[in-house]
Every structure is written in structure tokens, then in C-alpha cells.
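What follows is a set of notes on a single structure, which appears directly below.
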2 protein chains.
Amino acid sequence: MSTCDDRSEPRVEQSASTASTASTADTEPYRETDPAPAVGRATPLLDSRERVSGRLVFVGDVRLAGMLRGRFLRSPHAHARIVSIDVSRCRALPGVHAVITGKDTARRYGVLPVGQDETAIAIDRVRFVGQEVAAVAAVDDETAERALRAIAVEYEVLPAYLDAQHALDGCGPPIHDDRPRNIEKEYHHVFGDPDEGFRRAEVVVEDTFYHPRVTHAALEPHGTVARYDGGGRFTLWTSTQAPRHVQRGVATALDVAESSVRVIPCAVGGGFGGKSETFPHDVAAALLARITGRPVQFIATREEVFLLHRGRPESHIRMRVGLRADGRIAAVECETIQDGGAFCSYGVVTILYSGALLAAIYDVRDLRFDGYRVVTNKPPCGPMRGHGTIGARHAFEVVLDRAAEALGLDPVTVRERNLLEPGSRTVNDLRVTSYGYPRCLATVVEASRFRDKYRRLPRGRGVGIGSSHYVSGASNAILRGRFPHTTVALRAERDGSVVLFTGAVEIGQGSDTAQAIIVARTLGIAPEQVRVVSGDTALTPVDLGSYASRVTFMAGNAALEAAERLATKLRARVARHLDVPADELELRGERVRSKRDRAVSVSFLEALRLTAEEEGCLQTQGAYWPPPEARGGRFPGAGVGPGVSYSYAAQVAEVEVDEETGEVRVLDVWAAHDCGRALNPLTVRGQIEGSVWMGLAQALTEEQLFNERGQCLNPSLLEYKVPTTLDLPRLHTFIVESDDPEGPFGAKEVGEGSLAAILPAIASAVYDAVGVWINDLPITPEKVLAALAARADAKDGTARAHGASTLRRPPVPHPRVRTTSPEEPDRTPARS
Amino acid sequence: MSTCDDRSEPRVEQSASTASTASTADTEPYRETDPAPAVGRATPLLDSRERVSGRLVFVGDVRLAGMLRGRFLRSPHAHARIVSIDVSRCRALPGVHAVITGKDTARRYGVLPVGQDETAIAIDRVRFVGQEVAAVAAVDDETAERALRAIAVEYEVLPAYLDAQHALDGCGPPIHDDRPRNIEKEYHHVFGDPDEGFRRAEVVVEDTFYHPRVTHAALEPHGTVARYDGGGRFTLWTSTQAPRHVQRGVATALDVAESSVRVIPCAVGGGFGGKSETFPHDVAAALLARITGRPVQFIATREEVFLLHRGRPESHIRMRVGLRADGRIAAVECETIQDGGAFCSYGVVTILYSGALLAAIYDVRDLRFDGYRVVTNKPPCGPMRGHGTIGARHAFEVVLDRAAEALGLDPVTVRERNLLEPGSRTVNDLRVTSYGYPRCLATVVEASRFRDKYRRLPRGRGVGIGSSHYVSGASNAILRGRFPHTTVALRAERDGSVVLFTGAVEIGQGSDTAQAIIVARTLGIAPEQVRVVSGDTALTPVDLGSYASRVTFMAGNAALEAAERLATKLRARVARHLDVPADELELRGERVRSKRDRAVSVSFLEALRLTAEEEGCLQTQGAYWPPPEARGGRFPGAGVGPGVSYSYAAQVAEVEVDEETGEVRVLDVWAAHDCGRALNPLTVRGQIEGSVWMGLAQALTEEQLFNERGQCLNPSLLEYKVPTTLDLPRLHTFIVESDDPEGPFGAKEVGEGSLAAILPAIASAVYDAVGVWINDLPITPEKVLAALAARADAKDGTARAHGASTLRRPPVPHPRVRTTSPEEPDRTPARS
């Protein structure tokens, strides 16, 4: 993910909307003279010195006395029965301390209650090439590798399902006995009356789209160090976005109490969703540590990172959009089939999000969604930045553009005609608490001079527009219960220190700093005065994890509540000391002072001392529960209401297409993001840039390839084509502030919502440049050339252009299952 | 310090009084069936696995990237003016990153407000052999040593004061300009009417005593690692008993806010008082880290540990005790002169404690104390286990024995006739809240069969008795203010974990475990379920430090309060859940259950979950302030009322004296200690044993020797004779429980109170064996032989025997200063 320094990076512009940040903040009293405004100021990460000087400790840096290295033996088959495993030769090797196989890891775990389908090591049967078959702990890597070669495994190969259609056809035994149709999950949602909607439409456009598997490609590979502490207790140092998920997963797999597993998250060298759950190495390391009595470290190779995967599923999408004569959306229909790989992971959420967010940018009143999450014999897919929304959004935006064109509307106008209202609810009852989308759209249209360029650029050059959005955290926690999604504890001491204990884990996204800013602003001190202890499950309150763009919003709200309670206590104590009413006091400029007469004040330090004399230290806490009405609204249990306070993004891409080579070059991207309020413009900008870059990669270069035996063909950063900084366009970022009423100081998500927009923007720009639609990602030169050739062959060039999207497997119609039980939580549709 | 396992150590007996521990505890309901009684059960230290497997991280184990090694150049002169320092050659050496001298460390610091007299490096003048003159930071030790040799210092040697009498005589310029008579502090206390008391006495015995300098001899040398974190912030990893003192000292010396200095205490390999303050290496490491931008590590050599010293002062004591005809003490008079070395350290407290505790074992109504703390040109003295009480107690017990003998009373009887009353106050207003001394005395007298042996053993063999005591923490904090002495914070989580945040630092004495026991007992869970975070100034509330035997009592009381508040919250929540009154609920056996019907209950985990659903996590805190009446009582500011809740000890030693060689061999020691209540009998026993061993060392072998130039002659563990385990007697320990009304679960101090008793017990046993009193410590064979020879020469053997105590410098009478201002805090006497 690229981050930038405004002073040195020419690709990033300070924008008009960023200037409006300041004007919003100006309404705060005393802002100009305040030494610590905190909110809205570009604040370097609190640990930036450690980051740039190599002092962060990654899991690969952890060294414990007597530590062993762990390695996995992996399946060479996509689907096979394990007939026998002989580890006797392996066990006898000098330097080998322990060998474990499936029989040592009997208890299943998983991230979702519905998907407790994983074990650290395969039991009896392997389900993808690369699945763990045995693990060793040895004195060093070389010995461990030698040990793996000494394990003899006999397989009986079974027929493998290597894509979703094949798995649905189901010609052999199912991959999991309890999923006879190889379907992990299907959703069939109908809101409004889409059939009637399409009947009233002036134009209807339908097309199919294909997204290949893509991966997070974080620079740091996965890894873990486990130590057995005796007495049934374990400590794990691991690279994770979700320490509490790892804690629960390992505790479940090992059959110990959750509090017996301490997870200490190390610095994370990139997660992007790919480190959001318990991995086989977490469980195996703990198990091997208990067996050997020595710490065990697993660090995945790059190839293993591809086998762990948990990235985006291969997806087939059929999208149909109808427009009324006035340009308003008449109806939307979407069918998605996702190849989720061999295990569930977060797959149920992926397929849910693909449908549930369809109606949350534009005002859609009649909607149908049919989604299938299919099990196949490939590495398991999982959550990845923009989780679930990328394919659906790409398809929607492209089909919308084409329908608009058929109606004679340009891409900007059709979007302007379909805006939502802030404070409204979508047809599937999502709450639009704030809505900066119109300003995002206007900002990028104006900055890019889109109207001057669209259809007017020289041949081979084009502009396109795309929009996207994302939740600020999921409103339904993965585990049932009335627990808050996050709790933040604060402690202030008479030496002036303020310590923030948060379970939300810093993964490089700046969450520690964001929470410190919120607390600092509330207490009138500088963010640097707040010391953040984050993520360690033994020291910090439960937070679900750094995923689903939830941290700033949820942990931020909890931090705000904790800080406000601390401020209240300080005001009460100082009020007695100064003999003024507590509500006359405010915390500003490192002082507790009277709003009427600023000279009537004590320093923040003195306020802490006064309180300490009576109470010792000062402790408060805050917690965040999503409001009940965000947890499904009128459709409880139907899988709707996935989030709270949605972010919005609009982007314009300008591309150059070489019609001789088929190469697409993105020249400029204008990206505007409504993050509610930018607590730290520096990290907000970094998130927008990172999202654009990652989406661009997916649009143009990235895909995982498999052969007919289910082997990943490009499991390395040499072959899996992640763009470099040299491949980046000029990037113009714009922060749009909509001041969300439920966000901490108005903030909402920024980490994921800007990713999807760039895909349709590029696709649309390619169409503007050379007149062909490429619906089959990535948009490679070969596909561009093929589409151009197809168009040249055709009589009516543009009409058949979208035929260039060659779906490898067209989705087949399935009987539409519809149930009517709204109580049944994770199953099926409801209808208003 | 020796610790023992009851099952394997033949030297330690389970005693009758230990059995009474159980009977006291039996009054607790449900004790027998409770799976987690916690209090009173022998509990291995929570970190014992780490301790025995080498996993504790000592400061010498700390390795940071780019870390430099720091070394000091030290003064070769006891007293000299620094004419010039030339560091240019040193600075130019390859591998040398920085050199600092006195001009770089301008701000003075010190542990006491009255003694802010230290700088990390001498400025203009050196005051003892070994004082820091310059410091270097270099890539390794060898380079650093070479660098030190390249520093050229020109001194002008001044006359040095090498003992207290010489310093008081004051023939040259004083050591500190602001202390013209070389007196750091003098106390002149009179309580009752000692002159009248002596007039009414039937017998009066007076004698003089000499104690040499002794040192802590902790196995781990002092050390620190400092890192500059930028922005004026520092992190120190250091071996310390008092992180908050180091924080304050370093912040003062560097002129930054206290919260800018984070002190992370490493594992401590023995402290015994010797690591209770800021040391020059703490300040120099921080300074060098800031200059070089790299972490800097100082680890003292063994010789440097002797130069840092902070051990016991050389002391001259004159003790006079009068007994009435009925054996009751008529009056006590004590004069003490202590050679405190070149700087104050805790010296003011040392000399205060020497007098203030004289009346707290026996009922003394008329008392005079005159104490002088003198500055000399030797390494500074400081606090050491039994701080301030050892010399006075040795002298008192011996003179009491001799007066009793003159009256025809045996040592047991005279003690039995002078008992205090529990709940009473001493003449100087110390509060005797609990008083297990009579049981201690009876226990050791009975166990040792003292009455059968005293005066009845064969020649060359003898028994002696000694008594001692100590405070459970100082009642007046070193820094003024109404702050609590300690605060403990608790957090409980829905995964069942309970985290205790305490500033009290674990130094191997088991304080983490003791606090966990208190919390566990209160919450009805096992101590292992409590995770303790201790000492880190950035994470834990302020606690003054692990000294003055304060932690179990003070932090224990704070932990108890925090746990009780947590229990109250849980009871309230569960009461609503079960629909029973909260006061009907109790926390036992990992459940919150009805006292009426144990079946009505929820598990502790479930109770946490219920609370978490409403509040997130559960946080409480407790704090401890000594009661105002313990802070000086009727004599505020007169330096009395030094502590709260005194411990008591009685010991019997049986010795064998070889009249040909003069060698004294201690055969058996019976040691009983009133610790209020033994929270953890395992560590209580360890503390008693360690104290006896350390006192025995001081009685028989240890002393620091200096030559006429002020150089320490035996600064190594080869030459400074610490006894080994082979030199230990059979040790019979007895835990006596008096259930202190103010201690947590009745507990009070155990770490220091048993040290002093062994000195008079051995001296008295030597007298019983061979008829001579040796008042001049250590009791070496030479001194025994000289005393035996002197007695043989004399007509009346015993009468002149105590002449064997050859005072090197007899104390001279000083004009008795007496002021009458009771407000003036640190000065002088008051009279009732």
C-alpha cells in the first residue's frame, strides 16, 4: 500500500475538498490557538520512528531460547483419501523433535459458527493441492525439510472439482459429506418487485462478468511462534489482523479455555484481509510447542502464502439493470457464483456482501440477488479488501453505463439521477446515515474535466467513471451474544501519562494513532501523550479485529466514550477545586479551563494529580455496540443490514490503449472518498491510494492460474503480477467529509471503499478509448486485441463488443429456492 | 537468598505454628471443599517456570538493534578537584560514539527531597574513589575500555575524610559546601523521661558497638539499557526495585516530564535494597542514547557494584539500658554515628529508623536517641535489608541480656517481662496493631529447648536469643502530597481472564504472586487465573517501589480493594440475573453462588460474560494510603511513626566456639516470624531463611575494608566473604500468624524483620559458650581469640570481657541539640 508525504509526492494533490476539512473543523471553538487540535491534522503514525528504523518486531524477528522451526508436509493432490502415513523414519532423524499428523488435531475450528470445518492438518482426506498433511518441529529449516521428505504418505486419488460449475454439476462424491451439492451457502434475496420494475423499464441491459482469483500479496508472509507456558497455557506471537479469532480458534482446536491462549500480535507487514483468522500454523505451532516443550516458529514461504490464500474467489456474475425513461433505475438483478475453495473461512460473508450492498450507492427500489458460494478442490478463499463487493460493483457500474448509453445519458448524469437521501433507508433497510457520494462524484468529475473529455478524447484515449462504497464494520458480530463489538479502556496517571488499552490491532493502517487522536482531542492533549497498548489478548479488552473497515468507527467510538468519561471525571474534580460548575469547564490546550474565563484553569497534569490524590489512578472504559436498527432492520436474520455508516467513493480513470499491442496504460486517476471526517488526513490519503493501486492491479494484471490437477501455476511474486510503483498512474486524491452522525467526530470507513470503483472506471475508460467492453478480468493486452478483432469482424462494432467478455463457465440457472422463515438466521431471503 | 521446598530440604521443619496457619484459615467458610483457597496455601511463584528455565529477561539479556556499550571513567581519588578533562583523543577513536563529562549532566537528582545532591558524573570535584568522572558509548566493551584510557584528567587532590569521626572533626574544607560540619542529618529524640528512668533503675548497663560497612552482594550486577524514542521520550530497561524512583530521577536529571521516561523493570537478580534508586548509569545511558541516537547498555562489573554500594553504613553505637528490680525496662539511651559516604541516598531514613524503632518490640516508656548521619569520602551508603535497624537492635538485645544477667534474670524472662500490648501505642506513638512477638518467643524457646540448654551446655557450646521487627512499609512517602502509596488496577474479560496492573515490581520476592493470591481469594478463582502486569511505568499505576517491606501490605491492600470492588460489581450483575439479593451471593470455587443454596449459581466466566454484555470489560481499582494516625501520631514531623503494622521475630542460635582457633560455628537456628498471616507460606519461609542467612553473614564474616586512600580493598565476591550454602546452620523456621487487622487478609511484612535478630542471638550464644561478648562485628576468630586472651589476663573474666569490642573510633559526645518546633518536618525531637 502506498502512502505519501504531501511535500514530496507529485502524484498526490491537496484538493479543494481537503481544504473543506479545515473549514468544518473551524466551527470548533478555540481551534486556531489550540496547541493540540488532533482531529483533522496530518499526524504521523505514533510508531513511525520504529517503522522507518527497522525496530518493529515482526513474527520472523521473534527469537526465543531453544526455539524450533516448524514445517508442513502438503498434499500434492487436489482431492484424495489418505490411505496411510508413515512418520517413523522422519521421527528417527536427528534434530527432529516432533511429528504430528491429522490424528493429533482432531477438533475442528473455523472463523464462522456455520463453518467449523477446518483442522490444522488433514484428517483422512485432502481437499486441495497444498493442504497440510503432517507437520514437523526440528532444530532448523534444513532438518525440517529433510524430515518432511522422510514421511511416506499413500493416497487414493479422488475426482477433483476445480471450478464452481463442475462442483455444482457434482458428478462424484461431494467434497464435504455434509454439503452434498458442494454449496457452502446460497442467498436468494428479493426486495421490491424487480419483475414489475423491469417491465416498466425503458431499457434493460444484461451482461456477464468474470473475476479470477486474486490474492492479497502482502509483503510479509504469514507466520507464528507458539510457546507452551505449562499448566495448559500457551502464548502465541503471530502476524494477525484478528488476535481474538486466533485465540478462539487455537483454544477450540486444542480444547482449552480461551483465556489459556494468549495471542500477542506482532507487527503486521500487510494484511488486507489475508490474516483475519486462525491458520493451520497457529494450531500446529501450539501443539508442537506442547509436545516438545520448546517454542516453535512457522514462517510461510511465498509459495505457501499462495496456498493459504484466503483471497478473493473466482466469480461469475450475471448483472441486469433496467432504466426508466427518466434515467432512474427501474430494477436490478444479479446472480453470482463464487468458487470458494475447499473450506468455508468467511465465504458466507463474501457471498452475502455481494448482494446486500447492491442498493446502497444509488436509489434502487426493486432488487433481486441470487448468490451461490461453492466448494471446490482449491485453496480456501476468504476476506480481501473490499470483501464481497468488488465483482458486483464492477458489473453494476458497467451495466449501468451501458444502459445509460442506450438511453442517451452520459455516465455522470445517470448517476446524478439516482442519488439516495442522507437519513434514508435503502430498499433492504440499510441506514444511510451520511452520504458524501454526490460530492465525491462532483469533485472527481470537475477535477478530471470528465465532461470535457468523455467521448471527446482522441482515439486510443478515454475516460471512465466508477463508484463504490463499504461498511464501517459489520453490524452483526460473527459470534452470537449481546457483547459489544469492542471495548476500549483508558488509564491516566499522575505523571501525566494516558494509556489506552484497545483490542483493535495496529496492522500498519494507523489504528493506534487514530484512537490516540480521538482520545487526545477529547482530553485536550496531544496524540503523542497517549500511549497505546493494542491487540495483546492478555492485556487488552476484546475487539473483534482489524477487518471490515471497522476499527476507526467502532473502536474509535469506544475510545471516544472512554475519553469522554475520563473528561467528565476530571471536570468534576477540577470543578470542586476551582469552585466552578463542572459544565462550565472544558479540556483544551493541555488544561482544564473555564469556558467563560480561560484564566480560570489548571493544567491537565494538575487535574490528574488532584484526582490521583483521591482515587489513585483514573480508569474509564467505553464500548461500542452497533445500534439494533443497523442489525438487519426490517429483515432480521435475512443476512441484510451488514454494516453501519457506509463510506462512498467516486473515481475517474483516464487511460491510453495501444491498439497495436492491446496494452492499457492508466494515465491519471481522480479518486474522491467520503470518509465522514478525516481524523488523520495522512492515513486517509494513504488508504485511498492503496485501494486504488490494489484495484488497478486487479483490473489489469493480477490473477491466479491453476492447471488441470489443481496446482497453482504462479505462486510467486515473480509470476503473479503485482504492479510496481512504476506502473502507477498519477493519482489525485480528494477527501470528502460528510460528518457521519454516528461516527467518532464524524468519521467512518476509508480502508476498503475506494477499491472497487477503479475497476469499472478503467473498463469504462477502455470503452471510451477504443469502443470495446472487457468484462473478463484482468484486462490483458490479449483480451483487448481479441475484442478489437471481434469488433472489426462484426457489422455493428459496438453492439457485439461486450461479447469480448468470454466467460469461461457461464452461470447456469438454478431453481430459485425461496423460504419464508424470517427467524432462521443464516439461511435465506425475506421480503418486505 | 535461600528458598526451600518443604519436601526436599531437611534443614527446614514444618512447625507447630505453621500448622496453626491452617486452623486460622479454617474459620473461613467452605475452605475444605474450595478448589481455590489461595490464601495460606503454598503457591509456587506464578513465573517459576520462567525462573528455573532461564527465560526471565535480565537487563544483561536485553539486546536492541545498534546497541552500544557504555562505560564509566572513575575517580582514583577520594577527594579531589577536577582541574581539567581532555576527551579529544578519546572522541577521535574509531568505534567511540560519544563521550560525556560532568558538564553534560548539570541537573542534580536524588531519592530524597532533602538530598538532591547527585549528578550522574562528577562536576568539578570528586568525592570518593570510584565516582563517575566521564562516560563513553562505544561499539563494544573493549573499545569502551580503550576509550576510557584515552581520557586525560588532571586532579588537585584534597584532604579526604575517611571515617565519621574524622569528618566530624572537620580539619579541612567540608565535602559539600552546604554541609559545613559534614553532617547529613542529626536526630535528637527524647520520649518520656529517660534521666528519671535511669535513676529508678536497679541496674544500668552501657556498652559500645561497631558495625562495619556491608553490602547487598546481589548476584546480578546493576545495569541499564536506555533508548531514545525521539520527541523527548526515553525508554529504560533496568534492574531496579523502584521504577518510579528511576523515572523521576532520570526525568529530573534530563529535565523532561516524568511521563516522557518509561522505565521497564527487567527481572531482578537480587536487590535487597541495593537497587532502590536512580543510578549514574541510568542517567548516563539515557543521555548517551539521546546523543548517539542508539540504545546504550551499561552493565556494572562486580567491582563497580561495590563502588555503587548503597549498602549499610559503618556505625558506632553506644547503648545504655536500665532495668528496674522487677525486670521491667526503666530507660533506654542510644547514640549512633553512621558514616554514610559521599552522598545522601536514603541516609536520612537510615539514621531515623535507627532510633525510631527502638521502642517497638518491648515496652519502653523512657527513651533517648541521638543519631548522626555523617558525610565522608567513601561510596555512598543507602538502604539495605533491615534498613536502619540492625545495629541498634544488635546493641539493644545484647545490653538487655547483660542487664538481665546483672539482675539474675535469664534472657527469656527479661523479654517476657517487657511485652507490649496489641492495640497499644509505643512511647513514640507507633501503633502496635498486631503483636505476635510473645508467640514467636515462646515458639523458638520451646523448639530449641532454650531453657534446658542456656548455661547448661558443655564448654564451647552455647545458645543465645535475639529479637527483631520491621515496618510493613513506610507510612510517610518520600515525596510529599496526599497521593496514595500505591494503586492497583484490575480488568476482567469475558474470556475469563483477570489482569492485575500493579506498579509494585517483582524482584524475586514473589510480590506478583502475593497480589494474585489476594485477588484470586477475593474472586474465588485460582491465582494462576490472574495475569499480573507489574512495574512498567507506562502500563501500571504508581507504586513507590519494592522496598521497606511495603509491597504485600500496601499493594496487597490496594489489590484487595480493587478485587472487592470487582466482586461487588459481579455480585450486583449476577443478583439481577439470578433474582437473588446481591448480599446473599459469594464468590467461591470459580462460581458466583448463593450462600444459602450453593446450587443457585453461575460460573465466574458466565458472570464475566453477563457483565461484559452490559459494560464491555470490567475495570476496578484500589489504592492504599497509610492511615493518618500512622504518619507520626502525636509527633508529626518529628520523624517518628515510620511505618505501619510491625512484624516481629524471635530467634535462638546454638553455636560451637573453637577456643583454639577462635572459630564460631552456628549449628542450629530456630527462627519464628510473625508475618500477620502467611498469604503464601512458601515465600514467607524463603524470606525468613534469607534474612537469617544474610544476618548470619553480617555477624560472622562480611565487612568492607578500605585503605588510607579510601580505596575499597575487597571489591569482589572472592574477597568479600559471603557465606555459601555450606556455611549455613540447620535452620528451623516457624511462621507465626497474628492476623493484623489492617493487613490484607491479616498479612504484614516478612522480608526484613527476621534479619537483625540473628546478630545478637549469635553474640549471646558465643557468650554462653565461652563467656566473652564480641561487640565488634564481624565476630572473627581473631577477635574471639583476643577476647579470650583478655579475659584470661583479667582477674574478673567476665567483667572485662566486653572490652573485646574494640571500637575503632569511639563516638564523641556532641552538644545535644534540642528544638521544640513540632511543625519542622525533618529535623528534630518532640517530647510528649
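Residue numbering restarts at 1 in every chain; chains get A, B, ... in the order shown in the C-alpha cells, and ligands count up from 1 in that same order.
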
Those in range 167-318 of chain A with strand (DSSP E) from DSSP, as JSON, numbers by chain: {"A": [183, 184, 185, 186, 187, 188, 189, 190, 191, 203, 204, 205, 206, 207, 208, 209, 210, 211, 223, 224, 225, 226, 227, 228, 229, 230, 233, 234, 235, 236, 237, 238, 261, 262, 263, 264, 265, 296, 297, 298, 299, 314, 315, 316, 317, 318]}

Contact set, chain B to chain A: 8 Å, only C-alpha atoms, as an MDAnalysis selection string: chainID B and resid 49 55 65 229:230 257:259 481:484 486:487 493:497 499 531 538:539 541:542 609 612:617 619:623

All residues 6 Å or closer to Asn680 in chain B, only C-alpha atoms, same chain fewer than 6 positions away omitted, as number ranges by chain: B: 40-43

Write the residues of the preceding selection, restricted to all heavy atoms, as a tab-separated table (two decimals), in the first residue's frame.
```tsv
chain	number	residue	atom	x	y	z
B	40	GLY	N	-2.92	-18.72	52.13
B	40	GLY	CA	-2.45	-19.69	53.10
B	40	GLY	C	-1.95	-20.98	52.50
B	40	GLY	O	-1.43	-21.83	53.21
B	41	ARG	N	-2.08	-21.11	51.20
B	41	ARG	CA	-1.62	-22.32	50.53
B	41	ARG	C	-0.25	-22.05	49.91
B	41	ARG	O	-0.02	-20.97	49.35
B	41	ARG	CB	-2.61	-22.68	49.41
B	41	ARG	CG	-2.38	-24.03	48.79
B	41	ARG	CD	-3.31	-24.23	47.60
B	41	ARG	NE	-3.03	-23.25	46.55
B	41	ARG	CZ	-3.70	-23.21	45.39
B	41	ARG	NH1	-4.68	-24.03	45.17
B	41	ARG	NH2	-3.39	-22.32	44.48
B	42	ALA	N	0.67	-23.01	50.04
B	42	ALA	CA	1.99	-22.83	49.43
B	42	ALA	C	1.84	-22.76	47.92
B	42	ALA	O	1.44	-23.74	47.29
B	42	ALA	CB	2.90	-23.98	49.82
B	43	THR	N	2.09	-21.59	47.35
B	43	THR	CA	1.87	-21.36	45.92
B	43	THR	C	3.20	-21.05	45.25
B	43	THR	O	3.83	-20.06	45.57
B	43	THR	CB	0.91	-20.15	45.73
B	43	THR	OG1	-0.26	-20.36	46.52
B	43	THR	CG2	0.54	-19.98	44.27
```

Alpha helix (DSSP H) per DSSP on the backbone: members of range 427-462 of chain B, as an MDAnalysis selection string: chainID B and resid 437:448 450:453

Selected residue of minimal separation from Val348 in chain A among A:Gly408, A:Gly508, A:Pro243, A:Gly115, counting only C-alpha atoms: A:Gly115

I want to know what sits within 10 Å of Pro627 in chain A, based on only C-alpha atoms, with residues of the same chain fewer than 4 positions away left out; could you give that as a compact mmCIF listing (two decimals) with all heavy atoms, in the first residue's frame?
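Contents of out_13.txt, as written:
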```txt
# COMPACT_ATOMS: atom_id res chain seq x y z
N SER A 475 -22.30 -5.04 11.17
CA SER A 475 -23.17 -4.75 12.31
C SER A 475 -23.53 -6.01 13.10
O SER A 475 -23.92 -5.92 14.25
CB SER A 475 -24.44 -4.04 11.85
OG SER A 475 -25.04 -4.76 10.81
N ARG A 631 -28.81 -3.77 12.63
CA ARG A 631 -28.51 -5.21 12.60
C ARG A 631 -29.53 -6.00 11.78
O ARG A 631 -29.88 -7.11 12.13
CB ARG A 631 -28.45 -5.76 14.01
CG ARG A 631 -27.34 -5.14 14.83
CD ARG A 631 -27.22 -5.80 16.19
NE ARG A 631 -26.73 -4.85 17.17
CZ ARG A 631 -26.66 -5.10 18.46
NH1 ARG A 631 -27.04 -6.28 18.92
NH2 ARG A 631 -26.19 -4.21 19.30
N GLY A 633 -32.47 -4.41 10.44
CA GLY A 633 -33.64 -3.58 10.21
C GLY A 633 -34.90 -4.42 10.09
O GLY A 633 -35.18 -5.27 10.94
N VAL A 644 -22.71 -0.61 9.30
CA VAL A 644 -23.16 0.69 9.80
C VAL A 644 -22.40 1.76 9.03
O VAL A 644 -21.24 1.58 8.67
CB VAL A 644 -22.88 0.83 11.32
CG1 VAL A 644 -23.98 0.15 12.11
CG2 VAL A 644 -21.52 0.27 11.70
N GLU A 742 -23.04 9.16 13.44
CA GLU A 742 -22.74 8.09 14.40
C GLU A 742 -21.25 7.79 14.53
O GLU A 742 -20.85 7.00 15.38
CB GLU A 742 -23.49 6.81 13.99
CG GLU A 742 -25.00 6.99 14.05
CD GLU A 742 -25.76 5.72 13.76
OE1 GLU A 742 -25.14 4.64 13.69
OE2 GLU A 742 -27.00 5.80 13.59
```

Nearest to Val722 in chain B, chosen from B:Gly172, B:Ala769, B:Ala761, B:Ala217, with only C-alpha atoms counted in the distances: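 Using only C-alpha atoms, Val722 in chain B sits closest to B:Ala217.
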
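Here CA of Gly535 in chain A stands at a distance of 6.4 Å from CA of Thr502 in chain A.
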
Of the listed residues A:Val412, A:Leu45, A:Val664, A:Ala526, that which approaches Ala442 in chain A most closely, counting only C-alpha atoms: A:Val412

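The residue that comes closest to Ala406 in chain A, out of A:Glu654, A:Glu142, A:Glu333, A:Glu202 and on the basis of only C-alpha atoms, is A:Glu202.
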
Selection: 12 Å around Thr376 in chain B, only C-alpha atoms, excl. self and same-chain fewer than 5 positions, as a VMD selection string: chain B and resid 78 to 79 126 to 129 159 to 170 173 to 176 179 181 to 184 313 to 314 338 to 344 381 710

Near-Tyr228 in chain B list (9 Å; only C-alpha atoms; drop same-chain fewer than 2 positions) as a PDB file with C-alpha atoms, in the first residue's frame:
```pdb
ATOM      1  CA  ALA B 226      18.336   3.256  27.544  1.00  0.00           C
ATOM      2  CA  GLY B 230      12.505  10.750  19.839  1.00  0.00           C
ATOM      3  CA  GLY B 231      10.268  13.640  20.801  1.00  0.00           C
ATOM      4  CA  GLY B 232      11.961  13.951  24.171  1.00  0.00           C
ATOM      5  CA  ARG B 233      10.926  10.441  25.153  1.00  0.00           C
ATOM      6  CA  PHE B 234      13.072   7.686  26.605  1.00  0.00           C
ATOM      7  CA  THR B 235      12.632   4.022  27.396  1.00  0.00           C
ATOM      8  CA  LEU B 236      14.821   2.422  30.043  1.00  0.00           C
ATOM      9  CA  ALA B 286      19.699   7.951  28.617  1.00  0.00           C
ATOM     10  CA  LEU B 287      21.918  10.893  27.844  1.00  0.00           C
ATOM     11  CA  LEU B 288      24.245   8.880  25.625  1.00  0.00           C
ATOM     12  CA  ALA B 289      21.254   7.329  23.837  1.00  0.00           C
ATOM     13  CA  ARG B 290      19.929  10.772  23.063  1.00  0.00           C
ATOM     14  CA  ILE B 291      23.308  11.944  21.809  1.00  0.00           C
ATOM     15  CA  THR B 292      24.089   8.877  19.714  1.00  0.00           C
ATOM     16  CA  GLY B 293      20.551   8.020  18.581  1.00  0.00           C
ATOM     17  CA  ARG B 294      21.320   4.427  19.504  1.00  0.00           C
ATOM     18  CA  PRO B 295      20.409   2.328  22.535  1.00  0.00           C
TER      19      PRO B 295
END
```

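The residue set within 6 Å of Ser75 in chain B, counting only C-alpha atoms and dropping same-chain residues fewer than 2 places from it, reads His77, Val129, Gly130 and Gln131 of chain B.
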